[in-house]
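Have a look at the structure below before the remarks.
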Amino acid sequence: MNRTIQTKWIALSEHVYRALLVLYPADYRREYGSLMVQLFRDVCREKVHRHGFTGLVYWWCKTLFDLALTALEQRRKVSFVMSKSTFVQLTGIFLVVGGAFSAVAAFSQFQPDDHYTYYGIYQLLLLAMVPGFLCIGIGCIGLGLRPTITQTLGTVGRWTLYISGLAALVMAAGIGAMSIDNSMWNLWMGGFVVHIIALTAFGLLHLWKPVLPIFRALPLQIAAGLLIMGSGVLPVDSLTTKNLLSFLFIFGMGLAWLGIGAALNRQQRQATLIAA
Amino acid sequence: MPDTSQQPQDLLPLTPTVFHILLALADGERHGYSIMQEVSRITDGSIQMGPGTLYGTIKRMLEAGLIEETDERPDPEMDDERRRYYRLTSFGKRVAQAEVERLVALLNIARSKRLVGTES
């Protein structure tokens, strides 16, 4: 191969490789694109100089294989980071929605006559707990994913939120299933106990090292929850007392999550404004 | 942002690519092409990284605080300003040493089991 043809092939290869870099994420391309093209060109020159056209073909085969693998790897990394950060950013909204649904669902507790089987408008109100606890569960998991939680409260703090989130999802499933089979009340109750215990642990850790806005209200809700659980176990005869305690707990917890979610959203907006 | 609380042992065992880049940078700063040539030289040509592998690994190593970019040019007159040079950080050096110690310990075990230096 004469020198002019060699230069031509190298220039063409460089153009094609530069075009192929579109396969990488934009940020990565901006940071390393020109360096990769420069490296590719250097090796092209070396291969052509040493082995002629065969060397160039060999280098192209190697580069295409490398490009396919690494472009995929960089894309996967970006999409994971994006989805995780978007999920964390949506935590506040999930908690607001979850809190609002729970607060509305609390009115189901005023059903007269029976505290365990719901019907009519009270059943409809109770079903509002399904999206309520679903959103609270997702919100708790989102809170656990926030780097500030791990930095301040460590892995234990993060896992108390994950467990309470998962338990809230079980509660949502239990409430939903109760409309078909009343014995599913056990599923809801199991989720409720785990949710409250995990939140109590988080609340205690949070009292020691506060990290979330207005979260100090939650230990009060937890205390109320324990009271409700107590009322289920201890012989509280008055249905009206049971109803009122249940209402206060669910309504209060809904409002607490709503407040925390709104405060997180406000924090997020301020952070976005500062960043802009 | 590198995690300053990390210990060298936390990153072990290193991938062959990371270890070879650390070895290539052990005797001074180099740019991408020079790193690639050095890795190829020390492995008798058995490892030749593509541009994506090299810069993907460099990115991860920068994030982990194993290497850093440097503005110094070994020979400014001979060099292209667009090239970026990289050098080991002190943490990177400690990680490389820890990996070498790990490999030496493995080699000693292999020796004690007569897996090294014997012809079958």
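Following the order of the structure tokens, chains are lettered A, B, ..., residues in each are numbered from 1, and ligands are numbered from 1.
Proximity to chain A at a cut-off of 7 Å picks out Gly32, Tyr33, Gly50, Pro51, Gly52, Thr53 and Tyr55 of chain B on chain B, counting only C-alpha atoms.
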Query - Residue list (helix (DSSP H, G or I), DSSP) for chain B, as an NGL selection string - result: :B and (8-11 or 16-25 or 32-42 or 51-63 or 90-112)
Do you know which residues are at most 9 Å from region 102-115 of chain B counting only C-alpha atoms, after dropping those on the same chain fewer than 5 positions away, and could you put them as a compact mmCIF listing (two decimals) with C-alpha atoms, in the first residue's frame?
# COMPACT_ATOMS: atom_id res chain seq x y z
CA LEU B 12 -9.35 -6.21 45.68
CA PRO B 13 -9.10 -8.31 43.64
CA GLN B 97 0.86 -2.70 46.27
